[in-house]
file query03.csv (CSV, C-alpha atoms)
chain,number,residue,atom,x,y,z
A,2,MET,CA,-1.4,28.2,14.8
A,3,GLY,CA,1.7,26.4,13.3
A,4,SER,CA,1.2,24.1,10.3
A,5,ARG,CA,1.9,21.0,12.3
A,6,ARG,CA,-0.8,21.9,14.9
A,7,LEU,CA,-3.2,22.8,12.0
A,8,ALA,CA,-2.5,19.4,10.4
A,9,LEU,CA,-3.3,17.6,13.7
A,10,GLY,CA,-6.5,19.5,14.0
A,11,LEU,CA,-7.5,18.7,10.5
A,12,ILE,CA,-6.7,15.0,11.1
A,13,ALA,CA,-9.0,14.9,14.1
A,14,THR,CA,-11.8,16.7,12.2
A,15,VAL,CA,-11.5,14.3,9.2
A,16,ALA,CA,-11.5,11.3,11.5
A,17,ALA,CA,-14.6,12.5,13.3
A,18,LEU,CA,-16.5,13.4,10.1
A,19,THR,CA,-15.7,10.1,8.4
A,20,THR,CA,-16.7,8.1,11.4
A,21,ALA,CA,-20.0,10.0,11.7
A,22,CYS,CA,-20.9,9.4,8.1
A,23,SER,CA,-19.9,5.7,8.1
A,24,THR,CA,-23.4,4.4,8.7
A,25,ALA,CA,-25.1,6.8,6.2
A,26,GLN,CA,-26.7,5.8,2.9
A,27,PRO,CA,-24.5,6.5,-0.2
A,28,SER,CA,-23.5,10.1,-0.2
A,29,GLY,CA,-24.1,12.9,-2.6
A,30,PRO,CA,-21.7,14.3,-5.1
A,31,GLY,CA,-18.3,15.3,-3.7
A,32,GLN,CA,-18.6,13.4,-0.4
A,33,PRO,CA,-15.8,10.9,0.4
A,34,SER,CA,-17.9,7.8,1.0
A,35,ALA,CA,-19.4,8.1,-2.5
A,36,ALA,CA,-16.1,8.1,-4.4
A,37,PRO,CA,-16.7,6.8,-7.9
A,38,SER,CA,-15.6,3.3,-8.7
A,39,ARG,CA,-13.3,2.9,-11.7
A,40,GLY,CA,-15.0,-0.2,-13.1
A,41,ASP,CA,-14.4,0.1,-16.9
A,42,ASP,CA,-14.3,3.9,-16.8
A,43,LYS,CA,-10.7,4.6,-17.5
A,44,ALA,CA,-11.3,8.3,-17.0
A,45,THR,CA,-11.9,7.7,-13.3
A,46,PRO,CA,-8.6,6.8,-11.5
A,47,LEU,CA,-8.5,4.7,-8.4
A,48,VAL,CA,-7.7,5.9,-4.9
A,49,ILE,CA,-5.9,3.0,-3.2
A,50,GLY,CA,-5.5,3.1,0.6
A,51,HIS,CA,-1.9,2.1,0.9
A,52,ARG,CA,-1.7,-0.2,4.0
A,53,GLY,CA,-5.0,1.4,5.0
A,54,ALA,CA,-4.7,5.0,6.1
A,55,PRO,CA,-1.3,5.1,7.7
A,56,GLY,CA,-1.2,8.9,7.5
A,57,TYR,CA,-3.6,8.8,10.5
A,58,ARG,CA,-3.3,5.3,12.1
A,59,PRO,CA,-0.5,2.8,12.4
A,60,GLU,CA,-0.2,0.9,9.1
A,61,HIS,CA,-1.8,-2.6,8.6
A,62,THR,CA,-4.2,-2.4,11.4
A,63,ILE,CA,-8.0,-2.9,11.3
A,64,ALA,CA,-8.4,0.8,12.4
A,65,SER,CA,-6.2,1.9,9.5
A,66,TYR,CA,-8.3,-0.2,7.0
A,67,GLU,CA,-11.6,1.1,8.4
A,68,LEU,CA,-10.5,4.7,8.2
A,69,ALA,CA,-9.4,4.4,4.6
A,70,ALA,CA,-12.7,2.9,3.7
A,71,ARG,CA,-14.6,5.6,5.4
A,72,MET,CA,-12.5,8.3,3.7
A,73,GLY,CA,-13.5,6.9,0.4
A,74,ALA,CA,-10.8,4.4,-0.8
A,75,ASP,CA,-11.8,2.3,-3.8
A,76,TYR,CA,-9.3,-0.4,-2.7
A,77,ILE,CA,-7.4,-1.0,0.5
A,78,GLU,CA,-4.0,-2.5,0.2
A,79,ALA,CA,-2.5,-5.2,2.4
A,80,ASP,CA,1.0,-6.8,2.4
A,81,VAL,CA,1.0,-10.5,3.5
A,82,VAL,CA,3.7,-12.6,5.2
A,83,PRO,CA,3.4,-16.0,6.8
A,84,THR,CA,3.5,-17.2,10.4
A,85,LYS,CA,5.4,-20.2,11.7
A,86,ASP,CA,2.1,-22.2,11.6
A,87,GLY,CA,1.2,-21.3,8.1
A,88,VAL,CA,-1.2,-18.3,8.5
A,89,LEU,CA,-0.9,-15.2,6.3
A,90,VAL,CA,-0.8,-11.9,8.4
A,91,ASP,CA,-0.6,-8.3,7.3
A,92,ARG,CA,2.8,-6.7,7.8
A,93,HIS,CA,4.9,-4.6,5.3
A,94,GLU,CA,7.9,-6.8,6.0
A,95,PRO,CA,8.4,-10.1,7.8
A,96,GLU,CA,10.7,-8.2,10.2
A,97,ILE,CA,8.3,-6.7,12.8
A,98,GLY,CA,10.7,-4.9,15.2
A,99,GLY,CA,9.7,-1.5,13.8
A,100,THR,CA,6.0,-2.0,13.5
A,101,THR,CA,5.1,-3.9,16.8
A,102,ASP,CA,6.1,-3.8,20.5
A,103,VAL,CA,7.9,-7.2,20.2
A,104,ALA,CA,11.1,-5.6,21.6
A,105,SER,CA,9.3,-5.0,24.9
A,106,HIS,CA,8.4,-8.7,25.3
A,107,PRO,CA,11.1,-10.4,27.3
A,108,GLU,CA,9.6,-13.8,26.4
A,109,PHE,CA,10.6,-13.2,22.8
A,110,ALA,CA,14.1,-11.8,23.3
A,111,ASP,CA,15.7,-15.0,22.1
A,112,ARG,CA,13.8,-14.7,18.8
A,113,LYS,CA,15.9,-11.7,17.7
A,114,THR,CA,18.1,-12.8,14.8
A,115,THR,CA,19.7,-11.6,11.5
A,116,LYS,CA,18.5,-12.8,8.1
A,117,THR,CA,19.3,-11.9,4.5
A,118,ILE,CA,16.2,-11.3,2.5
A,119,ASP,CA,16.6,-10.6,-1.2
A,120,GLY,CA,20.2,-9.6,-0.7
A,121,THR,CA,19.6,-7.3,2.2
A,122,GLN,CA,20.6,-8.1,5.7
A,123,MET,CA,18.0,-7.5,8.4
A,124,THR,CA,18.2,-7.8,12.2
A,125,GLY,CA,15.1,-8.2,14.3
A,126,TRP,CA,12.1,-10.4,14.8
A,127,PHE,CA,10.4,-12.2,11.9
A,128,THR,CA,6.9,-13.4,11.5
A,129,GLU,CA,7.9,-16.8,10.3
A,130,ASP,CA,9.5,-17.5,13.7
A,131,PHE,CA,6.2,-16.9,15.5
A,132,THR,CA,2.9,-18.8,15.7
A,133,LEU,CA,-0.2,-16.8,15.1
A,134,ALA,CA,-1.1,-17.1,18.8
A,135,GLU,CA,2.2,-15.5,19.7
A,136,LEU,CA,1.8,-12.7,17.2
A,137,LYS,CA,-1.6,-11.9,18.6
A,138,THR,CA,0.0,-11.1,22.0
A,139,LEU,CA,1.9,-8.2,20.3
A,140,ARG,CA,0.5,-4.8,19.5
A,141,ALA,CA,1.1,-2.5,16.5
A,142,VAL,CA,3.2,0.7,16.8
A,143,GLU,CA,3.8,3.6,14.4
A,144,ARG,CA,6.6,2.8,11.9
A,145,LEU,CA,7.6,6.5,11.3
A,146,PRO,CA,7.3,8.0,14.8
A,147,ASP,CA,9.5,11.0,14.1
A,148,VAL,CA,7.4,11.9,11.1
A,149,ARG,CA,3.9,10.9,12.3
A,150,GLN,CA,4.2,11.6,16.0
A,151,HIS,CA,0.4,12.0,16.2
A,152,ASN,CA,0.1,8.3,15.3
A,153,THR,CA,2.1,7.2,18.3
A,154,MET,CA,-0.9,7.9,20.5
A,155,TYR,CA,-2.4,4.7,19.0
A,156,ASN,CA,0.6,2.6,19.8
A,157,GLY,CA,-0.3,-0.6,21.7
A,158,ARG,CA,-4.0,-0.4,20.8
A,159,TYR,CA,-4.2,-2.8,17.8
A,160,GLN,CA,-3.3,-6.4,17.0
A,161,ILE,CA,-1.6,-7.7,13.9
A,162,PRO,CA,-4.5,-8.7,11.6
A,163,THR,CA,-4.6,-11.9,9.6
A,164,LEU,CA,-5.3,-11.8,5.9
A,165,GLN,CA,-8.7,-13.3,6.7
A,166,GLU,CA,-9.5,-10.5,9.2
A,167,TYR,CA,-8.5,-8.0,6.5
A,168,LEU,CA,-10.9,-9.6,4.0
A,169,ASP,CA,-13.6,-9.7,6.7
A,170,THR,CA,-13.0,-6.0,7.3
A,171,ALA,CA,-13.4,-5.1,3.7
A,172,LYS,CA,-16.7,-7.0,3.5
A,173,ARG,CA,-18.0,-5.4,6.7
A,174,MET,CA,-17.1,-1.9,5.5
A,175,SER,CA,-18.7,-2.6,2.2
A,176,ASP,CA,-21.9,-3.5,3.9
A,177,GLU,CA,-21.6,-0.4,6.2
A,178,LEU,CA,-20.9,2.0,3.4
A,179,HIS,CA,-23.2,0.5,0.8
A,180,ARG,CA,-20.4,0.2,-1.8
A,181,THR,CA,-17.9,-2.5,-2.6
A,182,ILE,CA,-14.4,-1.9,-1.0
A,183,GLY,CA,-11.8,-3.7,-3.2
A,184,VAL,CA,-8.8,-5.6,-1.8
A,185,TYR,CA,-5.3,-5.1,-3.2
A,186,ILE,CA,-2.9,-7.8,-1.9
A,187,GLU,CA,0.8,-7.8,-2.2
A,188,THR,CA,2.6,-11.1,-1.9
A,189,LYS,CA,5.9,-10.3,-0.1
A,190,HIS,CA,9.3,-12.0,-0.8
A,191,PRO,CA,7.9,-15.2,-2.3
A,192,THR,CA,11.4,-16.4,-3.3
A,193,PHE,CA,12.8,-15.9,0.2
A,194,PHE,CA,10.0,-17.8,1.8
A,195,ARG,CA,10.2,-20.5,-0.8
A,196,SER,CA,13.9,-21.0,0.2
A,197,LEU,CA,12.5,-21.7,3.7
A,198,GLY,CA,10.1,-24.2,2.4
A,199,ILE,CA,7.1,-21.8,2.8
A,200,GLY,CA,4.8,-21.4,-0.2
A,201,VAL,CA,3.2,-18.0,0.3
A,202,ASP,CA,1.4,-18.0,-3.1
A,203,PRO,CA,-0.5,-21.3,-2.6
A,204,MET,CA,-1.5,-20.0,0.8
A,205,LEU,CA,-2.9,-16.8,-0.8
A,206,VAL,CA,-4.8,-18.9,-3.5
A,207,ASP,CA,-6.3,-21.0,-0.7
A,208,VAL,CA,-7.6,-18.0,1.2
A,209,LEU,CA,-9.1,-16.4,-1.9
A,210,ASN,CA,-10.8,-19.7,-2.8
A,211,ARG,CA,-12.2,-20.0,0.7
A,212,ASN,CA,-13.7,-16.5,0.5
A,213,GLY,CA,-15.2,-16.9,-3.0
A,214,LEU,CA,-12.8,-14.3,-4.5
A,215,ASN,CA,-11.0,-16.5,-7.0
A,216,LYS,CA,-13.1,-15.3,-9.9
A,217,ALA,CA,-12.7,-12.7,-12.7
A,218,ASP,CA,-15.3,-10.3,-11.4
A,219,SER,CA,-14.0,-10.1,-7.9
A,220,LYS,CA,-12.8,-6.6,-6.9
A,221,VAL,CA,-9.3,-7.9,-6.2
A,222,PHE,CA,-5.8,-7.0,-7.4
A,223,ILE,CA,-2.7,-9.1,-6.7
A,224,GLU,CA,0.7,-7.3,-6.8
A,225,SER,CA,4.3,-8.3,-6.4
A,226,PHE,CA,7.8,-6.9,-6.9
A,227,GLU,CA,8.7,-10.4,-8.2
A,228,THR,CA,7.4,-12.0,-11.4
A,229,ASN,CA,5.8,-14.8,-9.4
A,230,ILE,CA,2.5,-13.2,-10.4
A,231,ARG,CA,3.1,-14.9,-13.8
A,232,GLY,CA,2.3,-18.2,-12.1
A,233,LEU,CA,-0.5,-16.7,-10.0
A,234,HIS,CA,-2.1,-15.5,-13.2
A,235,SER,CA,-2.7,-19.0,-14.3
A,236,GLN,CA,-4.4,-19.8,-10.9
A,237,ILE,CA,-6.3,-16.7,-10.1
A,238,PRO,CA,-8.3,-14.8,-12.8
A,239,VAL,CA,-8.1,-11.4,-11.0
A,240,PRO,CA,-5.9,-8.6,-12.3
A,241,MET,CA,-2.2,-8.8,-11.5
A,242,ILE,CA,0.0,-5.8,-11.0
A,243,GLN,CA,3.8,-5.9,-11.6
A,244,LEU,CA,5.4,-3.6,-9.0
A,245,ILE,CA,8.6,-1.9,-10.2
A,246,ASP,CA,11.4,-0.7,-7.9
A,247,VAL,CA,13.7,2.2,-8.8
A,248,THR,CA,16.8,0.0,-8.7
A,249,GLY,CA,17.8,-3.6,-8.8
A,250,ALA,CA,15.9,-6.6,-10.1
A,251,PRO,CA,13.1,-8.9,-9.1
A,252,ALA,CA,14.4,-11.4,-6.6
A,253,ASP,CA,13.0,-14.4,-8.5
A,254,LEU,CA,14.8,-13.4,-11.6
A,255,VAL,CA,18.1,-12.9,-9.7
A,256,ALA,CA,17.7,-16.4,-8.1
A,257,ALA,CA,17.1,-17.9,-11.6
A,258,GLY,CA,20.2,-16.3,-13.1
A,259,ASP,CA,18.1,-14.0,-15.3
A,260,ARG,CA,20.0,-10.8,-15.7
A,261,ARG,CA,17.0,-8.5,-16.4
A,262,THR,CA,16.5,-5.6,-14.1
A,263,TYR,CA,13.5,-3.5,-13.2
A,264,ALA,CA,14.7,-1.0,-15.8
A,265,ASP,CA,14.6,-3.7,-18.4
A,266,LEU,CA,11.0,-4.4,-17.5
A,267,LEU,CA,10.1,-0.8,-18.4
A,268,THR,CA,11.4,-1.0,-22.0
A,269,PRO,CA,8.8,-1.5,-24.7
A,270,ALA,CA,9.7,-5.2,-24.9
A,271,GLY,CA,9.6,-5.5,-21.1
A,272,LEU,CA,6.2,-3.9,-20.9
A,273,ALA,CA,4.9,-6.1,-23.7
A,274,GLU,CA,5.9,-9.2,-21.8
A,275,ILE,CA,4.4,-7.9,-18.6
A,276,ALA,CA,1.1,-7.5,-20.5
A,277,THR,CA,1.0,-11.3,-21.1
A,278,TYR,CA,0.5,-12.0,-17.4
A,279,ALA,CA,-0.5,-8.7,-15.7
A,280,LYS,CA,-3.1,-5.9,-16.2
A,281,GLY,CA,-0.8,-3.1,-15.0
A,282,ILE,CA,2.4,-1.9,-13.4
A,283,GLY,CA,3.0,-0.2,-10.1
A,284,PRO,CA,6.1,2.0,-10.5
A,285,GLU,CA,7.6,4.3,-7.9
A,286,LYS,CA,6.3,7.8,-8.6
A,287,SER,CA,9.8,9.2,-9.4
A,288,GLN,CA,9.8,6.9,-12.4
A,289,ILE,CA,7.0,9.1,-13.8
A,290,VAL,CA,8.1,12.5,-12.5
A,291,PRO,CA,11.8,12.3,-11.6
A,292,THR,CA,13.3,14.7,-9.1
A,293,ASP,CA,16.9,16.0,-8.7
A,294,MET,CA,19.0,15.7,-5.5
A,295,ALA,CA,17.3,18.9,-4.1
A,296,GLY,CA,13.8,17.4,-4.8
A,297,ASN,CA,13.0,19.6,-7.7
A,298,PRO,CA,10.7,17.9,-10.2
A,299,GLY,CA,11.9,17.3,-13.7
A,300,GLN,CA,10.0,16.7,-17.0
A,301,PRO,CA,7.7,13.7,-16.8
A,302,THR,CA,8.9,10.5,-18.5
A,303,THR,CA,7.0,8.6,-21.2
A,304,LEU,CA,6.3,5.7,-18.8
A,305,VAL,CA,2.5,6.3,-18.5
A,306,ALA,CA,2.1,6.5,-22.3
A,307,ASP,CA,4.4,3.6,-22.9
A,308,ALA,CA,2.5,1.4,-20.4
A,309,HIS,CA,-0.9,2.4,-21.9
A,310,ARG,CA,0.4,1.6,-25.4
A,311,ALA,CA,1.2,-1.9,-24.1
A,312,GLY,CA,-2.4,-2.1,-22.7
A,313,LEU,CA,-1.3,-1.8,-19.1
A,314,MET,CA,-2.7,0.3,-16.3
A,315,VAL,CA,-0.4,2.4,-14.1
A,316,HIS,CA,-0.8,2.6,-10.3
A,317,PRO,CA,2.2,4.6,-8.9
A,318,TYR,CA,3.3,4.6,-5.3
A,319,THR,CA,3.5,6.2,-2.7
A,320,PHE,CA,1.7,9.5,-2.2
A,321,ARG,CA,2.1,11.1,1.2
A,322,ASP,CA,1.3,14.6,2.5
A,323,GLU,CA,4.3,15.3,4.7
A,324,ASN,CA,7.0,17.7,3.3
A,325,GLN,CA,9.8,15.2,3.2
A,326,PHE,CA,7.8,13.0,0.8
A,327,LEU,CA,6.8,15.8,-1.5
A,328,PRO,CA,8.8,17.5,-4.4
A,329,ALA,CA,10.5,20.7,-3.4
A,330,ASP,CA,8.0,22.9,-5.2
A,331,LEU,CA,5.1,21.5,-3.1
A,332,ARG,CA,6.6,21.7,0.3
A,333,SER,CA,5.2,24.1,2.8
A,334,SER,CA,8.6,25.0,4.2
A,335,PRO,CA,12.3,24.6,3.2
A,336,ASN,CA,13.1,24.1,6.9
A,337,PRO,CA,14.4,20.5,7.3
A,338,PHE,CA,12.8,20.5,10.8
A,339,SER,CA,9.4,20.8,9.2
A,340,ALA,CA,9.7,17.5,7.4
A,341,SER,CA,6.6,16.1,9.2
A,342,ASP,CA,4.5,19.2,8.4
A,343,TYR,CA,2.0,19.0,5.6
A,344,GLY,CA,2.8,20.4,2.2
A,345,LYS,CA,0.6,20.5,-1.0
A,346,GLY,CA,-0.2,16.8,-1.2
A,347,ILE,CA,-3.4,17.5,-3.1
A,348,ASP,CA,-1.5,19.3,-5.8
A,349,GLU,CA,0.9,16.4,-6.3
A,350,ASP,CA,-2.0,13.9,-6.6
A,351,VAL,CA,-3.7,16.1,-9.2
A,352,ARG,CA,-0.4,16.4,-11.1
A,353,PHE,CA,-0.3,12.7,-11.5
A,354,PHE,CA,-4.0,12.3,-12.4
A,355,GLN,CA,-3.4,14.9,-15.1
A,356,LEU,CA,-0.5,12.8,-16.4
A,357,GLY,CA,-3.0,9.9,-17.0
A,358,VAL,CA,-2.3,7.5,-14.2
A,359,ASP,CA,-5.0,4.9,-13.6
A,360,GLY,CA,-4.8,5.1,-9.8
A,361,ILE,CA,-2.5,6.1,-6.9
A,362,PHE,CA,-1.3,4.4,-3.7
A,363,THR,CA,-1.8,6.9,-1.0
A,364,ASP,CA,-1.2,7.1,2.8
A,365,ASN,CA,-3.8,9.9,2.9
A,366,THR,CA,-7.0,8.6,1.4
A,367,ASP,CA,-8.9,11.9,2.0
A,368,THR,CA,-6.2,13.8,0.1
A,369,GLY,CA,-6.5,11.4,-2.8
A,370,ILE,CA,-10.2,11.7,-2.9
A,371,GLU,CA,-10.1,15.5,-2.8
A,372,ALA,CA,-7.5,15.6,-5.6
A,373,ARG,CA,-9.5,13.2,-7.8
A,374,THR,CA,-12.7,15.3,-7.3
A,375,GLN,CA,-10.8,18.4,-8.3
A,376,PHE,CA,-9.3,16.6,-11.3
A,377,LEU,CA,-12.6,15.2,-12.6
A,378,SER,CA,-14.3,18.5,-12.0
A,379,THR,CA,-11.7,20.4,-14.1
A,380,LYS,CA,-11.7,17.7,-16.7
A,381,ALA,CA,-15.5,17.9,-17.1
A,382,LYS,CA,-15.4,21.6,-18.0
call {"tool": "encode", "arguments": {"input": "query03.csv", "output": "structure tokens"}}
result
Amino acid sequence: MGSRRLALGLIATVAALTTACSTAQPSGPGQPSAAPSRGDDKATPLVIGHRGAPGYRPEHTIASYELAARMGADYIEADVVPTKDGVLVDRHEPEIGGTTDVASHPEFADRKTTKTIDGTQMTGWFTEDFTLAELKTLRAVERLPDVRQHNTMYNGRYQIPTLQEYLDTAKRMSDELHRTIGVYIETKHPTFFRSLGIGVDPMLVDVLNRNGLNKADSKVFIESFETNIRGLHSQIPVPMIQLIDVTGAPADLVAAGDRRTYADLLTPAGLAEIATYAKGIGPEKSQIVPTDMAGNPGQPTTLVADAHRAGLMVHPYTFRDENQFLPADLRSSPNPFSASDYGKGIDEDVRFFQLGVDGIFTDNTDTGIEARTQFLSTKAK
């Protein structure tokens, strides 16, 4: 059996097993639904379901969130963008041409347009041009169909969830699995939306208030690639995470004429400043283990140690099992046509746990759980 067919078989098996155990009491050692919670134990890194479990279901759907929870995620991540009528919904970007079937809806053909967001020109359909009722007529599709062809069989099955529905799902899955599923919310493009007269941050604060989550002991993280979380920090007493891109600068700093870049934020002085308003950083994983043009990993940087020295947690992104997302030494084949086949994703996760990260954003929650179990077992010896 080829590696791709084997991977598909494993996916089906994992999904069946996780669904079967979803109503059980807390599991015994080593079982996914009993993954340890980090709490104050810095030795136990978090496994964060990046947009749910998009390695197995289209991202930012209720099905993706549910599967991540059943596979053992400590937190489930959601990116939020606004609708025309002021409701926050879960999409990676406001442009939804690649994640929904909007292009097949002739009634929305005239909504296609071109916008510039944070200096990048995008053409498509944008959530802020649709009411929630209109968005609910659309259905989610797989964002990476050439890589995750198996996910395309779920195209058209799921709606775009609202932030409220995401929070309701986390609560429902917490009740079902007898453990608290945390929520990890990214506020997307706040400067762009503010230029349109849309305040995404106040909308987020309002939803958290209505759900009783605006308190220090809530299992909530708020993240952003902009430094808007500095202002949110004064309104919401939950941990803030400053996301760090590999190039460029936070859009709000650019708009304000501040010349600091993401690279500047990673200097000792930059990290010390981040620590005044955030509990951690979310760097791209290559900022911890760089790779060359051929994908070969180099020596780890000092970023984890530098961040810890500043009192910051480190939650790198994004861990995926397919060959094209793995360093060359962990791919299952050098064949470029095997890009969608699985490589040694568990080994990469373990590598980063050994480097001291406090959590990982992963598209494959089960891989992250298995890697953490292996890491903790080895560490205990």
call {"tool": "closest_residue", "arguments": {"input": "query03.csv", "among": "A:Leu145, A:Gly53, A:Pro95, A:Tyr185", "to": "A:Lys116", "atoms": "only C-alpha atoms"}}
result
A:Pro95
call {"tool": "closest_residue", "arguments": {"input": "query03.csv", "among": "A:Asp359, A:Asp265, A:Glu323, A:Asp202", "to": "A:Val305", "atoms": "only C-alpha atoms"}}
result
A:Asp359
call {"tool": "residues_near_point", "arguments": {"input": "query03.csv", "point": "(-5.6, -11.7, 20.7)", "cutoff": "10 Å", "atoms": "all atoms listed in the file", "output": "list in words"}}
result
Leu133, Ala134, Glu135, Leu136, Lys137, Thr138, Leu139, Arg140, Tyr159, Gln160, Ile161 and Pro162 of chain A
call {"tool": "residues_near_point", "arguments": {"input": "query03.csv", "point": "(1.6, -6.1, -9.9)", "cutoff": "7 Å", "atoms": "all atoms listed in the file", "output": "list in words"}}
result
Ile223, Glu224, Ser225, Phe226, Met241, Ile242, Gln243, Leu244, Ala279, Gly281, Ile282 and Gly283 of chain A
call {"tool": "atom_distance", "arguments": {"input": "query03.csv", "atom1": "atom CA of A:Ala252", "atom2": "atom CA of A:Glu227"}}
result
6.0 Å
call {"tool": "closest_residue", "arguments": {"input": "query03.csv", "among": "A:Glu108, A:Glu96, A:Glu349, A:Asp246", "to": "A:Thr124", "atoms": "all atoms listed in the file"}}
result
A:Glu96
call {"tool": "closest_residue", "arguments": {"input": "query03.csv", "among": "A:Leu313, A:Ile49, A:Val221, A:Met154", "to": "A:Tyr278", "atoms": "all atoms listed in the file"}}
result
A:Leu313
call {"tool": "residues_around", "arguments": {"input": "query03.csv", "residues": "A:Ser235", "least_positions_apart": "4", "cutoff": "12 Å", "atoms": "all atoms listed in the file", "output": "ChimeraX atom specification"}}
result
/A:202,206,215-217,229-231,239-241,277-279
call {"tool": "closest_residue", "arguments": {"input": "query03.csv", "among": "A:Arg261, A:Arg321, A:Arg211, A:Lys380", "to": "A:Ala44", "atoms": "only C-alpha atoms"}}
result
A:Lys380
call {"tool": "residues_around", "arguments": {"input": "query03.csv", "residues": "A:Gly249", "least_positions_apart": "2", "cutoff": "8 Å", "atoms": "all atoms listed in the file", "output": "ChimeraX atom specification"}}
result
/A:246-247,251,262-263
call {"tool": "atom_distance", "arguments": {"input": "query03.csv", "atom1": "atom CA of A:Asp207", "atom2": "atom CA of A:Pro83"}}
result
13.2 Å
call {"tool": "closest_residue", "arguments": {"input": "query03.csv", "among": "A:Pro291, A:Pro59, A:Pro269, A:Gly296", "to": "A:Arg92", "atoms": "all atoms listed in the file"}}
result
A:Pro59
call {"tool": "atom_distance", "arguments": {"input": "query03.csv", "atom1": "atom CA of A:Trp126", "atom2": "atom CA of A:Phe109"}}
result
8.6 Å
call {"tool": "residues_around", "arguments": {"input": "query03.csv", "residues": "A:Ala64", "least_positions_apart": "4", "cutoff": "10 Å", "atoms": "all atoms listed in the file", "output": "list in words"}}
result
Gly53, Ala54, Pro55, Tyr57, Arg58, Pro59, Glu60, Leu68, Ala69, Ala70, Tyr155, Arg158, Tyr159, Gln160 and Thr170 of chain A
call {"tool": "residues_around", "arguments": {"input": "query03.csv", "residues": "A:Ile118", "least_positions_apart": "6", "cutoff": "12 Å", "atoms": "only C-alpha atoms", "output": "CSV table (one decimal) with C-alpha atoms, in the frame of the given file"}}
result
chain,number,residue,atom,x,y,z
A,94,GLU,CA,7.9,-6.8,6.0
A,95,PRO,CA,8.4,-10.1,7.8
A,96,GLU,CA,10.7,-8.2,10.2
A,124,THR,CA,18.2,-7.8,12.2
A,127,PHE,CA,10.4,-12.2,11.9
A,189,LYS,CA,5.9,-10.3,-0.1
A,190,HIS,CA,9.3,-12.0,-0.8
A,191,PRO,CA,7.9,-15.2,-2.3
A,192,THR,CA,11.4,-16.4,-3.3
A,193,PHE,CA,12.8,-15.9,0.2
A,194,PHE,CA,10.0,-17.8,1.8
A,195,ARG,CA,10.2,-20.5,-0.8
A,196,SER,CA,13.9,-21.0,0.2
A,197,LEU,CA,12.5,-21.7,3.7
A,252,ALA,CA,14.4,-11.4,-6.6
A,253,ASP,CA,13.0,-14.4,-8.5
A,256,ALA,CA,17.7,-16.4,-8.1
